[in-house]
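See below for the structure under consideration.
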Amino acid sequence: MATEHGAAPAVGMPQLDTTTYANQIFWLAIALVAIYLILTRIALPRIAAVLSERKGTITNDLLMAEELKSKAKAAEAAYNEALAQARAEAGRIVAEARAAIQRDLDAATAKADAEIAAKLAQSEARIAEIRATAADSVVAVATDTAEALVAALGGRADAAMVAAAVAGRIKG
Amino acid sequence: MATGEGGGLSIHPMDQFIVKPLFGGTEIAFYTPTNVTLWLAVAVAAIAALFVLGTRAQDVVPGRSQSIAELIYGFIHNMVEEVAGHDGAKFFPYVMTLFLFILSANLVGLIPMSFTTTSHIAVTATLALAVFLAVTIVGFVRKGPAFLAMFWVSSAPLPLRPILAVIELISYFVRPLSHSIRLAGNLMAGHAVLKVFAGFASIALVSPVAIGAMAAIYALELLVAVVQAYVFTILTCVYLRDAVGDAHH
């Protein structure tokens with residue numbers, strides 16, 4: 001160390017001591033070659049591969065995202081279409097059911113009306129019959145009563161006259 | 001560094017730059033392992049640690065050290081493409097080697113008690129001359145005699161062109177000088193100033209100021225270490241552009 005310190009001031013700047021140049025340049029060359037080999041054999045291809053792989057991954061992910069997005073859109077459209085179809089179907093079924101019920105209702109009403117009409121006609125016929133029977137009975141009862149009255153008064157009833165008189169009265 | 005025998009201050013700011021054999025002796029042959037060898041090896045090891053160990057997972061989502069390696073890769077790759085042009089991209093591994101070496105050597109040189117290989121003109125001049133020779137050779141191989149058109153400024157008035165050619169020629173040959181001295185000078189000055197303040201720190205009266213100044217200068221030197229590596233590299237790219245790109249830039 002002492003000799004080194006002694007030598008240094010004589011040289012001034014150690015950088016200008018040309019006796020060390022060969023040594024420095026020799027080892028520098030070795031260091032540079034070592035760095036160059038490390039970089040070109042291992043480091044640079046590795047980093048380039050990682051960077052391109054990352055680029056590829058990002059591109060793929062973006063493409064996949066785009067694809068999934070379009071798929072989601074298609075699925076949404078299909079869902080909406082299915083929903084509209086279901087609505088239309090439901091409306092159709094409701095209308096059909098309504099029409100069927102109306103038809104049944106109409107049929108039932110018509111049938112009931114017909115039955116009612118038939119019963120009405122029957123009833124009217126029976127009423128007319130009863131009325132006719134009642135009118136005959138009135139004639140018979142009136143004739144009998146008139147004959148009885150005439151007999152009670154001491155007269156002799158002429159059947160034809162009585163009948164005519166009754167008929168005249170009933171008509172009146 | 002320390003007070004001398006007689007109580008006087010003896011600061012040796014330049015002693016840190018002395019090249020010493022690593023295993024004793026004073027003889028320095030070109031193959032002798034010296035402190036230069038040691039700190040070059042540390043610089044190479046730091047690069048290997050970051051770029052080999054740090055990237056060994058090869059994750060698509062990078063970890064911390066892989067991020068740093070990728071960041072530096074992208075930074076230098078862009079610089080070469082943008083400054084040297086698309087044709088210069090094939091020189092990317094060389095530029096990357098240069099940048100990483102200077103950055104790593106500058107930064108490990110800031111470890112206390114270490115030796116800064118890039119503060120030596122022999123080292124930086126070798127780098128600068130290598131760039132200069134590579135640019136000149138590549139220029140002539142790529143363009144042939146047309147490479148000389150770079151000195152003939154066709155956009156200038158004709159009478160001025162010979163004068164400009166002389167100036168351009170001189171500036172071309174001064175390039176390796178400025179290229180190398182800029183780097184070595186910056187590093188050497190910074191480290192010498194650090195040592196001077198370290199020497200003052202042994203005087204009780206001024207030691208707080210000296211230590212504060214050391215911290216500030218250390219921070220500045222960290223910046224200088226990175227910026228000088230960047231400057232050296234981008235100038236290399238600019239010179240490469242002359243050789244591979246269009247002459248008019």
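In the structure tokens, the first chain shown is A, the next is B, and so on; residue numbers restart at 1 for each chain, and ligands run from 1 in the order shown.
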Using only C-alpha atoms, find each residue of chain A with at least one atom at most 6 Å away from an atom of chain B; report its shortest atom-to-atom pair and that distance in Å (one decimal), sort the rows by chain and rising residue number, and return the result as a Markdown table.
```
| residue | atom | partner | partner_atom | distance |
| --- | --- | --- | --- | --- |
| A:Pro14 | CA | B:Ile18 | CA | 5.3 |
| A:Gln15 | CA | B:His120 | CA | 5.3 |
| A:Tyr21 | CA | B:Ala122 | CA | 5.8 |
| A:Ala22 | CA | B:Phe30 | CA | 5.0 |
| A:Asn23 | CA | B:Phe30 | CA | 3.7 |
| A:Trp27 | CA | B:Thr37 | CA | 5.9 |
| A:Tyr36 | CA | B:Thr97 | CA | 5.6 |
| A:Ala43 | CA | B:Phe51 | CA | 5.5 |
| A:Arg54 | CA | B:Val60 | CA | 5.4 |
```
Write out the residues from the selection above, keeping C-alpha atoms, as a tab-separated table (two decimals), in the first residue's frame.
```tsv
chain	number	residue	atom	x	y	z
A	14	PRO	CA	-4.13	6.94	-11.94
A	15	GLN	CA	-6.23	7.17	-15.11
A	21	TYR	CA	-4.11	0.08	-19.80
A	22	ALA	CA	-3.40	-3.36	-21.24
A	23	ASN	CA	-4.72	-4.99	-18.08
A	27	TRP	CA	-10.43	-7.61	-18.67
A	36	TYR	CA	-22.87	-10.17	-24.79
A	43	ALA	CA	-31.66	-13.06	-21.53
A	54	ARG	CA	-47.85	-11.64	-23.35
```
Practice item. Measure the distance from atom CA of B:Ala198 to atom CA of A:Met13 in Å and round it to one decimal. Key: 19.0 Å
Exercise for review: Check the smallest atom-to-atom distance from each of B:Leu177, B:Asp242, B:Met150, B:Ile234 to B:Ile76 using only C-alpha atoms, then report the winner.
Suggested key: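 The shortest atom-to-atom distance to B:Ile76 comes from B:Ile234.
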Review point. By how many Å are atom CA of B:Lys195 and atom CA of B:Pro13 apart?
Key: 5.1 Å
